[in-house]
Structure formats: structure tokens, C-alpha cells
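K.L.:
Before anything else, here's the structure in question.
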Amino acid sequence: MNTVEETIEIAVPVRTAYDQWTQFECFPRFMTTVKRVEQIRPAVTLWAVGLGPVCREFATEIVDQVPDSHLTWRSLGQRHGHRGEVTFRPTGRDSTEVTLRLSAEPRGLTGVLPVVPGLTGRVVRRELAHFKAYIEGHGEASGAWRGTIRGGQVRPGEPEPPRSRVAVWPVG
Amino acid sequence: MKKPPREEPRDDLTVTPPKTWAAGVPAVVHALEYSLEQTSPKDTAVDLLTMNQVDGIDCPGCAWADPAPGHRHRNEYCENGAKHINDEATTRRITADFFREHSVSDLAGRSDLWLNQQGRLTEPMVKRPGSDHYEPVSWREALDLLAGELKALDSPDEAVFYTSGRVSNEAAFVLQLFARAYGTNNLPDCSNMCHESSGFALHETLGTGKGTVGLDDLHHADLIFLVGQNPGTNHPRQLSALEQAKRNGARIVAVNPLPEAGLLRFKNPQKARGVIGQGVRIADRFLHIRPGGDLALFQALNRLLLEAEDARPGTVLDHAFIRDSTSGFEEFAEHARQASWDDVVTTTGLTREEIERVRDEVLGSERVIVCWAMGITQHKHGVPTIREIVNFLLLRGNLGRAGAGACPVRGHSNVQGDRTMGIWEQMPDSFLDALRDEFGFDPPRAHGLDSVNSIKAMREGRIKLFLGVAGNFVRAAPDSAVTEEAMRGCRLTAHVSTKLNRSHTVCGQTALILPTLGRTERDHQAGGEQFVTVENSMSEVHTSRGRLKPASPLLLSEVAILCRLARRTLGAGPGNVRWEEFEADYGTIRDRISRIVPGLYDFDRRVARPGGIRLPNPVNEGVYRTATGKAMFTRNTWRIPDVPEGHLLLQTLRSHDQWNTIPYTLNDRYRGIHGSRRVVMVNPQDLSTLSLSAGDRVDVVGVWPDDTERRAEGFEVVPYPTARGSAAAYYPETQVLVPLDSVADISNQPTSKGIVVRLERVTP
């Protein structure tokens with residue numbers, strides 16, 4: 001496993017930084033290597049990540065997630081295996097330290113990045129900077145998911161208000 | 001293209017060894033052969049190349065999920081899907097001349113195969129009281145007649161509105177709305193006969209009636225159980241998902257009374273290794289279980305897991321999950337520990353060692369999925385069996401996680417969607433309240449009739465009018481003689497259909513055939529060309545858009561027929577339903593659905609996106625809407641089947657050349673049965689015990705504690721590796737053996753599996 005760790009200080013409250021991070025499908029708006037994200041359900045996301053002409057798709061499972069604290073994930077399947085963790089630590093009322101750790105197999109994250117030594121670290125650093133610029137520029141998160149995940153299983157937060165006349169679905 | 005047969009196909013049985021692998025090049029050859037018998041090369045190309053593609057035709061053949069957009073093959077269909085879609089796209093036509101030539105009595109003596117092969121229905125037909133012929137009728141007169149009969153009933157509860165899973169979401173929503181505005185919840189459907197047991201068991205234990213996994217979960221599972229299902233014939237595209245799972249390292253345990261080809265090996269015809277290579281082995285372990293032994297198997301597995309936890313505390317069960325997210329563990333565990341090995345071995349026909357080896361597979365797997373189909377649901381203990389499967393999944397936290405969960409595999413392409421749209425005779429008040437608030441009328445609250453109870457009510461004269469939208473109710477229903485008598489007792493029977501089937505020939509005093517567009521055909525309405533939507537087995541809702549010219553300019557869509565009937569029946573009331581608007585633009589139906597059905601907000605816009613909408617499943621969000629607010633462990637008991645000496649447990653099944661009630665040919669390639677469907681497959685050792693031999697002619701006689709003799713006549717005995725003590729024969733020919741009162745506990749689903757029969761030798 002190759003491990004990369006990068007930290008960045010962001011000038012927004014920890015809740016704002018965390019909430020924005022939960023909006024995975026927005027990542028392509030500010031990250032250059034993330035081409036597409038589909039959130040299948042709270043704990044499962046599909047990613048298309050690429051650099052230059054190369055693009056790889058993989059699924060990840062969020063293993064643990066605690067609001068305003070941390071989020072860990074791992075890729076599903078045998079190819080492009082990696083594990084990741086992002087932690088959020090408040091350093092002041094309006095500032096948050098965000099640390100991203102990635103542990104990737106030799107072929108690495110998406111099978112693309114570590115071909116060039118040190119590239120993964122540079123990419124992670126650059127994408128964190130993009131995240132910082134985005135959330136500081138907006139000043140507020142574009143959405144939030146406040147649930148908790150333990151061992152890959154969701155512990156729900158507050159239910160969202162129903163958008164239909166039938167709040168829950170009774171049959172299949 | 002071949003002309004329709006004038007004579008019945010000759011019944012001439014030949015038997016070859018059963019296949020040990022499914023698909024491969026023969027699947028392509030047979031699919032094209034049947035397609036080109038039915039329709040032109042051009043139409044074959046159009047429908048096959050758009051089938052299951054984004055913005056294309058959803059295959060009506062089964063409810064298996066499509067890969068995500070961008071990951072689909074150019075040919076994203078299976079042999080049976082190709083046959084099915086071209087069976088619908090056939091160039092053969094049934095006209096008024098056909099019905100002049102063939103009386104209803106004549107047609108009632110024809111086989112399912114012959115009736116289907118005559119081609120597409122092209123104009124509305126009526127059989128008037130006392131007549132033995134259908135005759136042409138205008139749509140205006142047909143719908144006036146039907147509406148007049150509906151209005152003349154003493155009570156709306158004297159009518160039933162049956163649906164089959166081919167019906168789109170839009171038509172299903174309109175149908176249930178019409179039935180409820182008319183004043184009844186009598187909405188039986190084919191789900192009553194296929195996965196009702198799954199719905200009841202999952203709803204009770206997990207708070208949702210639907211499966212919890214998607215295709216991605218299957219791809220990433222460590223261990224997959226295939227229980228009581230035959231993917232090679234009934235959902236062949238599942239084999240592609242299983243192939244991928246295997247390549248990702250999954251192991252598979254198949255549990256079935258017959259070693260079906262598709263459970264053993266798959267040669268993917270879209271890949272070189274499937275064409276010229278050995279393909280991929282599917283089942284790493286095959287449990288040759290007796291019919292109905294599945295509950296005992298899973299309870300024994302659960303006992304073994306509990307004992308493994310005792311031996312190595314903290315290493316086997318997911319204690320955090322059990323503590324935080326489940327209820328009833330202690331009571332369940334106490335009960336499961338008492339499972340008797342003698343009873344388990346007797347009931348399953350398996351050895352303890354076989355079951356212990358499966359336990360070891362489970363212990364070595366972090367992510368487990370259990371798939372099942374009608375080999376589970378159609379047993380008397382179908383509901384408790386599925387509850388025991390849920391227990392099994394709960395023990396190690398195999399729910400609500402990636403690569404793990406419950407996977408009931410549904411057959412009809414939109415059977416799940418029809419339920420989502422409110423086709424259920426027992427819809428709760430929350431749904432009925434929503435209809436009331438949206439449409440301004442108060443729907444009836446009393447539960448309606450399901451399929452079995454509809455037949456009983458027809459037989460007793462309490463139901464006078466039967467309207468079937470798609471399907472072949474007479475053949476799908478149990479106890480064929482009783483069902484047929486019940487249908488014939490109706491004042492009026494009407495069917496919205498694409499092709500001729502036995503339900504048109506076993507009819508009420510007045511009968512209507514209302515021909516409709518198929519999935520393959522373009523649907524032009526006042527608001528422009530329409531698409532419809534469907535929901536697959538994995539809760540993905542997407543569009544289906546026909547590409548071919550309709551079989552006749554006189555065809556109406558299902559939505560149009562139902563909207564016009566509703567206007568004629570209901571006049572200006574009740575409520576504020578705008579039936580004309582619904583017919584002109586199906587988007588207006590989706591707009592109303594979006595305000596009622598959870599997860600379908602902004603339906604019309606979102607469903608048009610590639611891939612459509614994935615409905616949320618509460619289990620995957622950690623929510624269990626059960627009686628305890630948690631996933632529920634349950635205590636389940638079984639009874640060893642009472643099979644007198646000289647008797648067998650029969651299961652009905654489909655052949656490979658068959659779609660639901662309709663055989664396409666007399667062949668069943670994978671099982672090595674050719675040229676006949678009147679065969680009963682029996683284990684050679686049982687044949688020896690019964691003093692029967694290959695080729696003997698027998699009547700299959702059902703045993704049931706009433707005074708009725710149920711006999712399926714003239715079957716040929718075929719030695720076959722069925723589980724000891726069991727037999728298998730084709731559906732629907734053996735539906736005559738399933739007593740109407742023989743239903744699954746709790747779900748009231750007919751038990752087309754586990755029927756006690758004896759074989760009576762007859763002299764040719």
C-alpha cells in the first residue's frame with residue numbers, strides 16, 4: 001500500500017466543510033480529476049476518476065461516517081483498490097482543518113495516478129485546494145447528509161420532510 | 001417468417017441428457033431462429049438493438065435490472081427476451097375472419113401454444129350471450145357495453161380488475177385509480193401468484209416489501225445464494241451479473257431440487273471465452289434439496305452460526321448490528337438452537353456435512369446475498385422460509401451494507417412497479433388518503449379480493465364482471481377446472497390483450513377482447529408520441545419507448561382504453577380526475593404519481609434521464625418500518641411434508657421455450673426434453689421404487705383433503721435428477737393439480753410447489 005496524507009486549513013465552520021464534503025455528486029464541479037459521481041445510496045457511491053485521457057470507474061463503500069468528525073471509505077471490487085479517510089477538526093469558530101489520507105495498492109487510486117512517483121500526493125493536494133476555494137467562495141454548503149454510518153451500515157439522522165403525499169411506502 | 005400453424009404441433013417426445021451449462025452460441029441461434037419465424041429481419045434488428053438500451057424498449061420478458069448507462073452491451077438481452085419481444089412483434093395477425101372460422105368452443109380445445117402462435121389481435125371483438133363466436137365490434141360499442149355492465153352491477157364489489165406485470169406504471173396507476181373511483185379495491189394481480197410471500201415476509205421483518213440489493217451489490221458480494229430459482233431460463237441476464245461476481249471473487253451456493261443448467265455453468269455468448277471457451281462455473285456448491293426443505297436448511301445454518309459464535313465468541317455474529325438495529329434475537333436464538341438434525345436431514349434430503357460446509361462458506365464471507373424466486377414463495381411455508389432467510393442475513397449484519405442483502409428475483413417486467421402504483425387489494429389508509437387528497441374523492445377502505453379470493457367469489461356468484469389488463473388469468477391461476485368454471489359463471493369477462501390466450505376462450509356470458517399496443521410499438525396520442533415507465537426487480541424506474549409500427553391502426557394503448565372506460569363508467573365524477581388529459585399526455589399521469597408516491601417526486605423529468613430513477617430502500621438508509629422499529633428476528637416452524645408411501649412431492653416449472661403461461665415450442669433444451677410438454681420428471685431411484693420406467697404413460701393425480709379428484713392426464717415418465725421423493729412437470733398444464741385452498745400461510749399465494757401426487761399408470 002502506498003499512503004498519502006495531505007492537510008489543509010479551510011476558513012469555514014466545521015459543519016459547513018463537513019456538509020459540503022457529503023455532497024459527492026457535486027465534486028466534479030470543483031475537482032478536476034473527478035469526472036462523475038453517482039450516489040447509489042448513503043453508503044455506496046460510483047466514481048469516474050481520470051487524468052488526461054485515462055478514466056477509471058470504481059465503486060466505494062463508506063465504512064464509517066460521523067458528522068463533523070470523519071468519514072472513511074474503501075473501494076469495492078478487486079481492481080483499483082484503495083482506502084481513504086477524511087477528518088474534520090475545528091480549529092476556530094470559522095476554521096477547519098481537513099486531512100485526507102489515501103492508501104492505495106501499487107497500481108493505486110483508480111489505477112492511474114501513481115504511475116508517476118509523487119503524483120498522487122500532488123493531485124490530492126491540488127484537489128483539496130479546489131475544495132477549499134469552492135467552499136470558502138460559497139460560504140455555505142450546497143447540501144448536507146447528517147446521518148451516521150458504522151461498519152458500512154447507515155444509522156439515520158433526522159428524516160427528510162416527505163416530498164409526496166404518502167410519507168413512507170408500505171408494500172412491494 | 002412462417003405462417004401461423006393451422007394444426008396443433010405433433011407431440012413426439014425425445015429425451016437427451018440434461019445440459020450442464022446455459023447460453024453460449026445455441027442461445028443466439030435459437031433466439032434468432034424463433035425471431036425470424038415471427039417477424040422480419042428489419043423489425044428483429046430494430047427491436048433487439050433498442051431493447052434494454054437507454055430510451056429504448058424495456059424487455060417485457062423479466063424484471064432483471066439493466067447495467068448502468070454506458071455499461072450496457074450493444075445486444076443487451078437474452079435468448080428468452082429476444083424470443084419474447086419478437087413473439088410480440090410478430091407479423092402474424094388475427095382478424096375477424098379468424099373468429100368466423102373458429103368458434104369459442106373450438107378455440108377452447110386448442111393448446112396454449114397454438115393460440116399464441118396465431119398472432120396479434122387487431123380489432124375489438126365481442127362474444128354475445130348465447131353465441132359461440134366472437135364478432136367485430138367498434139371501440140365505442142365495446143367500451144359502452146363494458147361501462148354499461150359496470151354501472152348495472154348492484155355493487156362495485158361485484159367487479160374485479162386483474163393486472164399482469166406487463167402493464168406499465170402509467171396504466172397501472174390509471175387502473176387502480178379507476179377501480180377505486182368506481183368504488184372497489186378488488187385489484188388482484190399476478191404478484192398474488194408469484195412473490196406475494198416475499199412481500200409479506202420482507203414487510204414484516206424489514207419494513208419493506210422489496211429487495212434490498214442492486215446489480216452493484218451482486219458484483220461485489222463474497223457469497224451469493226441462489227435458492228429456488230432457475231436463472232438460466234427465467235432471468236438469464238442474471239447470469240451475466242453472476243459471471244461478473246465470480247470474476248470479482250464471489251462464491252455461489254445453489255439450492256434447488258433440480259440441477260438446472262444455469263445454476264451450473266454459464267457461457268456468455270457476448271464474450272469470446274463464452275463462445276469458444278468453457279465459460280464460468282456458477283455454483284461452487286449445489287445443494288440438491290427436497291422441495292420445501294429450504295426453511296429447515298436456513299434454520300440449520302442459523303443454528304450452526306449460533307454454535308460457531310459459542311465456540312469463538314465475538315467472531316461470528318455482528319453484535320453491534322444485532323444490538324442496535326434488530327429485535328427478537330434472544331427468542332429467535334433459543335428457537336433456532338432447538339432445530340432437530342434428524343428433522344432437518346429428513347426435510348431437506350441433505351446431509352449434515354453438506355450444510356456444515358455451507359456454514360464454512362458463510363463464515364469465510366464478509367458480504368452475503370440471498371436470491372430467491374418461486375421455488376421458495378410458492379410453498380405453504382413460503383413466508384416463514386423467507387423470514388428465516390432474513391434471520392440468516394441479520395445474524396452477520398448482511399443487510400443495509402454494500403454487497404449484501406435480500407434479493408427476491410421477480411419475473412414479470414413491471415410486477416414490482418404495479419405494486420408501487422397502488423395495484424394491491426390491501427393498500428393502507430395512507431395511500432388511500434393520498435388519493436383522496438389528490439383527486440377529491442374518498443376511495444373505498446375495505447380490503448378487496450386477491451386472486452384466490454376472486455376465484456372463490458366468482459364461483460359463488462359474488463363476482464359478476466372480470467376485467468383483465470394483460471396476462472392470462474385462467475392459466476396462471478390454480479385449480480384450472482375450478483377457475484374455468486368460475487370464469488364461465490361471470491356475466492361479463494373482458495381482456496385487454498396483445499395476443500390470443502385461453503382466458504379469451506373460457507369466458508363469461510358476454511366476453512370482450514380489447515386489443516392493445518405492445519411494448520415494441522409506437523404510441524401516438526393527442527399530446528404527441530408517448531413513452532411509459534417500468535420498475536425492475538431492483539427498484540430502478542426507467543422509460544420504455546416502442547419503435548415499431550403498431551400491429552393494427554385499431555389498437556389502443558392500455559392507458560387509452562382505461563381512460564375511455566373510466567369516462568364512460570364514471571361520467572363527471574367522482575373527484576377531479578382528468579381522464580382525457582391522462583390519455584393525451586402520460587406526463588400528466590406521472591405528474592400526479594409524483595405527488596403521491598414516495599421517491600418519485602419530479603417523476604416526469606427525472607425518469608427521462610439515462611438510467612431513470614432508483615427508488616430509495618429504507619433498509620439501505622438504516623430505517624426499519626416494522627412493528628418494533630427495528631429489523632425483526634422471527635421464530636419459524638416447519639412441518640415435515642406428509643407424503644404417503646408411493647407418492648411424490650410435485651413442483652411445477654416452466655420450460656426453457658416458454659414465457660409465463662405461454663410455451664413457444666414443445667422443447668425444453670436445457671433439460672433435454674424435446675417435442676412434448678406432457679412429461680413428468682422423476683428421480684430414477686424413485687421410479688424404481690414405484691415400479692415405473694422411462695416412457696411409461698401415467699396420470700398425475702393430486703392428493704388433497706377434499707372430495708375433488710384432480711388429475712392431469714396422459715403424461716410420459718422421464719427419469720431425471722430431481723431430488724429424491726420429488727417430481728417436476730410443466731406449468732400451466734399441471735395447474736389443474738393445485739387446489740384453490742392450497743395456499744401459502746399468511747400470503748394466500750397458491751402453492752404450485754410441494755403438491756403431493758401419485759402417478760397412476762395408464763395403458764396407451
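Just remember, in the C-alpha cells the first chain shown is A, the second B, etc., residues are 1-based per chain, and ligands are 1-based in the order shown.
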For Arg126 in chain A, work out the shell of residues within 9 Å, counting only C-alpha atoms and skipping chain neighbours fewer than 4 positions away, then give it as number ranges by chain.
P.N.:
A: 31-32, 121-122, 130-131
K.L.:
Could I get the residues of chain B with an atom no further than 9 Å from an atom of chain A, each paired with its nearest atom pair and that distance in Å to one decimal, using only C-alpha atoms, sorted by chain and residue number, as a tab-separated table?
P.N.:
residue	atom	partner	partner_atom	distance
B:Glu196	CA	A:Gly172	CA	8.9
B:Ser198	CA	A:Gly172	CA	8.6
B:Gly199	CA	A:Gly172	CA	5.7
B:Phe200	CA	A:Val171	CA	8.3
B:Leu202	CA	A:Gly172	CA	8.8
B:His203	CA	A:Val171	CA	6.9
B:Gly207	CA	A:Pro170	CA	7.5
B:Thr208	CA	A:Val171	CA	6.1
B:Gly209	CA	A:Gly172	CA	3.9
B:Lys210	CA	A:Gly172	CA	4.8
B:Gly211	CA	A:Gly172	CA	8.4
B:Gly214	CA	A:Ile40	CA	9.0
B:Asp216	CA	A:Ala59	CA	8.2
B:His219	CA	A:Gly77	CA	7.8
B:His220	CA	A:Gly77	CA	5.7
B:Ala221	CA	A:Gly77	CA	8.9
B:Asn248	CA	A:Gly77	CA	6.1
B:Gly249	CA	A:Gln78	CA	8.0
B:Phe321	CA	A:Gln153	CA	8.4
B:Ser325	CA	A:Arg155	CA	8.8
B:Gly397	CA	A:Gln153	CA	8.5
B:Leu399	CA	A:Gln153	CA	7.9
B:Gly400	CA	A:Gln153	CA	5.5
B:Arg401	CA	A:Gly152	CA	5.4
B:Ala402	CA	A:Glu61	CA	6.4
B:Gly403	CA	A:Leu76	CA	8.6
B:Gln416	CA	A:Gly172	CA	6.2
B:Gly417	CA	A:Gly172	CA	8.3
B:Arg419	CA	A:Gly172	CA	5.9
B:Thr420	CA	A:Gly172	CA	6.5
B:Gly422	CA	A:Val171	CA	8.9
B:Trp424	CA	A:Val171	CA	8.7
B:Met427	CA	A:Pro170	CA	8.0
B:Pro428	CA	A:Pro170	CA	7.4
B:Ser430	CA	A:Val166	CA	6.0
B:Phe431	CA	A:Val166	CA	5.9
B:Asp433	CA	A:Val166	CA	8.3
B:Ala434	CA	A:Arg165	CA	5.3
B:Leu435	CA	A:Arg165	CA	8.5
B:Asp437	CA	A:Arg165	CA	8.2
B:Glu438	CA	A:Arg165	CA	8.2
B:Ile593	CA	A:Ser164	CA	8.9
B:Ser594	CA	A:Ser164	CA	6.8
B:Arg595	CA	A:Ser164	CA	4.8
B:Ile596	CA	A:Arg165	CA	4.7
B:Val597	CA	A:Ser164	CA	6.0
B:Pro598	CA	A:Ser164	CA	5.4
B:Gly599	CA	A:Arg163	CA	7.8
B:Leu600	CA	A:Ser164	CA	8.0
B:Tyr601	CA	A:Arg163	CA	6.4
B:Arg614	CA	A:Ile40	CA	7.8
B:Pro616	CA	A:Arg41	CA	7.4
B:Asn617	CA	A:Arg41	CA	8.6
B:Pro618	CA	A:Val168	CA	9.0
B:Val619	CA	A:Val154	CA	8.7
B:Asn620	CA	A:Val154	CA	6.9
B:Glu621	CA	A:Val154	CA	5.4
B:Gly622	CA	A:Val154	CA	4.7
B:Val623	CA	A:Pro156	CA	6.9
B:Arg625	CA	A:Pro170	CA	8.6
K.L.:
I need the alpha helix (DSSP H) residues of range 497-693 of chain B per DSSP on the backbone, written as JSON, numbers by chain.
P.N.:
{"B": [502, 503, 504, 505, 558, 559, 560, 561, 562, 563, 564, 565, 566, 567, 568, 569, 570, 579, 580, 581, 582, 583, 584, 586, 587, 588, 589, 590, 591, 592, 593, 594, 603, 604, 605, 606, 684, 685, 686, 687, 688, 689]}
K.L.:
Next, the residues of the selection above should be written as a CSV table (one decimal), in the first residue's frame with C-alpha atoms.
P.N.:
chain,number,residue,atom,x,y,z
B,502,ARG,CA,-57.1,-19.4,-23.2
B,503,SER,CA,-58.6,-16.6,-21.0
B,504,HIS,CA,-60.4,-15.4,-24.1
B,505,THR,CA,-61.9,-18.8,-24.7
B,558,GLU,CA,-53.7,0.4,-22.3
B,559,VAL,CA,-53.9,3.9,-20.9
B,560,ALA,CA,-56.3,5.0,-23.6
B,561,ILE,CA,-58.6,2.0,-23.1
B,562,LEU,CA,-58.7,2.5,-19.3
B,563,CYS,CA,-59.2,6.3,-19.5
B,564,ARG,CA,-62.0,5.9,-22.1
B,565,LEU,CA,-63.7,3.2,-20.0
B,566,ALA,CA,-63.4,5.4,-16.9
B,567,ARG,CA,-65.0,8.3,-18.6
B,568,ARG,CA,-67.9,6.2,-19.8
B,569,THR,CA,-68.4,4.5,-16.4
B,570,LEU,CA,-67.9,7.4,-14.1
B,579,TRP,CA,-59.1,11.2,-17.8
B,580,GLU,CA,-58.9,13.0,-21.2
B,581,GLU,CA,-55.7,14.7,-20.1
B,582,PHE,CA,-54.2,11.4,-18.9
B,583,GLU,CA,-54.9,9.8,-22.3
B,584,ALA,CA,-53.5,12.7,-24.3
B,586,TYR,CA,-48.9,10.4,-20.0
B,587,GLY,CA,-46.7,13.0,-18.5
B,588,THR,CA,-49.8,14.3,-16.7
B,589,ILE,CA,-50.2,10.9,-15.1
B,590,ARG,CA,-46.6,10.9,-13.9
B,591,ASP,CA,-47.2,14.4,-12.5
B,592,ARG,CA,-50.0,13.1,-10.3
B,593,ILE,CA,-48.0,10.0,-9.4
B,594,SER,CA,-45.1,12.2,-8.3
B,603,PHE,CA,-41.1,12.0,-11.9
B,604,ASP,CA,-41.7,13.1,-15.4
B,605,ARG,CA,-38.4,15.0,-15.7
B,606,ARG,CA,-36.2,12.7,-13.7
B,684,PRO,CA,-34.6,-42.8,-11.3
B,685,GLN,CA,-34.4,-44.3,-7.8
B,686,ASP,CA,-38.0,-43.2,-7.1
B,687,LEU,CA,-39.1,-44.7,-10.4
B,688,SER,CA,-37.6,-47.9,-9.4
B,689,THR,CA,-39.4,-47.8,-6.1
K.L.:
Name the residues of range 613-672 of chain B that come out as strand (DSSP E or B) in a backbone DSSP run; write them as a PDB file with C-alpha atoms, in the first residue's frame.
P.N.:
ATOM      1  CA  ILE B 613     -34.706   6.826 -11.019  1.00  0.00           C
ATOM      2  CA  ARG B 614     -33.518   4.498  -8.300  1.00  0.00           C
ATOM      3  CA  ALA B 631     -35.282  -5.408  11.763  1.00  0.00           C
ATOM      4  CA  MET B 632     -37.131  -8.301  13.310  1.00  0.00           C
ATOM      5  CA  LEU B 648     -44.135 -37.736  -4.577  1.00  0.00           C
ATOM      6  CA  LEU B 649     -43.830 -34.005  -3.977  1.00  0.00           C
ATOM      7  CA  LEU B 650     -44.524 -32.279  -7.272  1.00  0.00           C
ATOM      8  CA  GLN B 651     -43.216 -28.902  -8.297  1.00  0.00           C
ATOM      9  CA  THR B 652     -44.489 -27.117 -11.389  1.00  0.00           C
ATOM     10  CA  LEU B 653     -41.990 -25.291 -13.546  1.00  0.00           C
ATOM     11  CA  GLN B 658     -41.788 -20.642 -22.505  1.00  0.00           C
ATOM     12  CA  TRP B 659     -42.779 -17.251 -21.186  1.00  0.00           C
ATOM     13  CA  ILE B 662     -47.183 -19.417 -22.976  1.00  0.00           C
ATOM     14  CA  PRO B 663     -44.942 -22.111 -24.489  1.00  0.00           C
ATOM     15  CA  ASP B 668     -37.029 -27.650 -23.155  1.00  0.00           C
TER      16      ASP B 668
END
K.L.:
Any idea what's packed within 12 Å of range 271-274 of chain B, counting only C-alpha atoms, ignoring anything in its chain fewer than 5 positions away? Could you give it as a count of residues only?
P.N.:
18
K.L.:
For Ala31 in chain B, find every residue with an atom within 7 Å (counting only C-alpha atoms), except residues of its own chain fewer than 2 positions away, and show them as an NGL selection string.
P.N.:
:B and (27-29 or 33-35 or 79-80 or 82-83)
